[in-house]
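Some notes on the structure that comes next.
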Amino acid sequence: MSRVIALLYLAIKKLRVALVDVLPIIIVIGFFQVAVIQQPIPEFGSIIVGSIFVVVGLMLFVEGLNMGLFPIGETMANSLTRKGSLFWLLTFAFALGFSTTVAEPALIAVAAEAGRIAAEGGLIPGDSASIDRYALGMRLTVAFSVGFAILIGVLRILMGWPIYYLIIGGYIGVIMVTFYAPEEIIGIAYDVGGVTTSTITVPLVTALGVGLARTIKGRKPLTEGFGLIAFASLTPMIFVMIYGLIYFS
């Protein structure tokens, strides 16, 4: 009985933390609804139920990260590093970046919307097959770019390269490609850089970097274990603009 009470208390505590995280959004929406819009909220009951689902879902998601994704990333990094095979470590880094990105819900949604807007603008045929092909090509391009970025980030940790050299060089590359990319793809390319660093990619990639830094002698997790996400948000801009150059030509 005491165990059940302890679990219930822990669940309530985590639920309260999730509620505090969502509370600023609730306050902002409530303030503008009451003070600015000054109209009754439509389907108020459904909104309340949906908000409860959001809080509970956020609690379960954060707990799942702590119990599953973070330990998996660190364990795989430790195991592959101790195995001493650079090839398999880099292969895992690329595959991790590719697989987590191609399954990213936000990227799927943005790619589908980009395909629909491109069809409405006459850039691609308006049939569903052409729209799906364009969206899939963008998803695969972004996933490949993130896999490549994680591979470079892992090499940086292994070799001890300063992160600012790579970041500055990367943004110089973004600026250079921007001058030649079709204007229709530039905005999308800049947006997908943020879309890739979302719910699935960030926990696993962060755990990979921290796990590597902890395993490799002489590396500090605080200063060298982070930074992989910066590459994951940088390279998609370049790759998607190149995708636009090839596709629209």
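If you're wondering about the labels, chains in the structure tokens are A, B, ... by order shown, residues count from 1 in each chain, ligands from 1 in order shown.
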
>> Please list as a list of chain:residue names every residue within 12 Å of Ala119 of chain A, counting only C-alpha atoms and excluding residues in the same chain fewer than 4 positions away.
In response: A:Ala112, A:Glu113, A:Ala114, A:Gly115, A:Leu123, A:Ile124, A:Pro125, A:Gly126, A:Asp127, A:Ser128, A:Ala129, A:Ser130, A:Ile131, A:Asp132, A:Arg133, A:Tyr134, A:Ala135, A:Glu184

>> I'd like to know which residues of segment 100-244 of chain A are helix (DSSP H, G or I) (by DSSP, run on the backbone); could you write them as a PyMOL selection string?
In response: chain A and resi 100-102+105-120+128-159+163-180+183-195+201-215+221-224+228-244

>> Residues within 8 Å of Phe239 of chain A, please, as a list in words. Count only C-alpha atoms; anything in the same chain fewer than 2 positions from it doesn't count.
In response: Thr141, Val142, Ser145, Thr235, Pro236, Met237, Met241, Ile242 and Tyr243 of chain A

>> List the spatial neighbours of Tyr171 of chain A as number ranges by chain - criterion: any atom at most 12 Å away, only C-alpha atoms, same-chain residues fewer than 6 positions off excluded.
In response: A: 164-165, 177-178, 190, 193, 230-231, 233-238

Show me, as a short mmCIF file (atom, residue, chain, number, x, y, z; two decimals) with N, CA and C atoms, in the first residue's frame, the residues that have an atom within 7 Å of Ala143 of chain A when counting only C-alpha atoms, minus same-chain residues fewer than 3 positions from it.
```
data_model
loop_
_atom_site.label_atom_id
_atom_site.label_comp_id
_atom_site.auth_asym_id
_atom_site.auth_seq_id
_atom_site.Cartn_x
_atom_site.Cartn_y
_atom_site.Cartn_z
N GLY A 97 21.46 10.13 -36.69
CA GLY A 97 20.97 11.41 -37.17
C GLY A 97 19.95 11.26 -38.28
N PHE A 98 20.21 10.33 -39.21
CA PHE A 98 19.30 10.12 -40.34
C PHE A 98 17.95 9.58 -39.86
N THR A 101 15.75 11.96 -37.69
CA THR A 101 15.24 13.11 -38.44
C THR A 101 14.15 12.71 -39.42
N VAL A 102 14.35 11.60 -40.11
CA VAL A 102 13.35 11.19 -41.10
C VAL A 102 12.03 10.83 -40.43
N ARG A 139 12.43 15.57 -47.15
CA ARG A 139 12.66 14.84 -45.90
C ARG A 139 13.96 14.06 -45.94
N LEU A 140 14.20 13.36 -47.03
CA LEU A 140 15.43 12.55 -47.15
C LEU A 140 16.66 13.45 -47.20
N VAL A 146 21.39 15.91 -41.60
CA VAL A 146 21.55 15.78 -40.15
C VAL A 146 22.48 14.62 -39.82
N GLY A 147 22.33 13.50 -40.55
CA GLY A 147 23.25 12.39 -40.34
C GLY A 147 24.69 12.80 -40.58
#
```

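Atom CA of Gly173 of chain A is found 20.7 Å from atom CA of Phe94 of chain A.
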
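Neighbouring residues of Phe226 of chain A at 9 Å or closer, counting only C-alpha atoms and skipping chain neighbours under 5 positions away, are Thr206, Ala207, Gly209, Val210, Ala213 and Pro221 of chain A.
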
Could you write out the selected residues, including C-alpha atoms, as a PDB file, in the first residue's frame?
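Result written to result.pdb:
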```pdb
ATOM      1  CA  THR A 206      22.549  15.084 -26.925  1.00  0.00           C
ATOM      2  CA  ALA A 207      22.917  11.772 -25.093  1.00  0.00           C
ATOM      3  CA  GLY A 209      27.571  13.600 -27.446  1.00  0.00           C
ATOM      4  CA  VAL A 210      27.605  13.505 -23.647  1.00  0.00           C
ATOM      5  CA  ALA A 213      32.704  12.949 -23.956  1.00  0.00           C
ATOM      6  CA  PRO A 221      31.189  16.515 -21.069  1.00  0.00           C
TER       7      PRO A 221
END
```
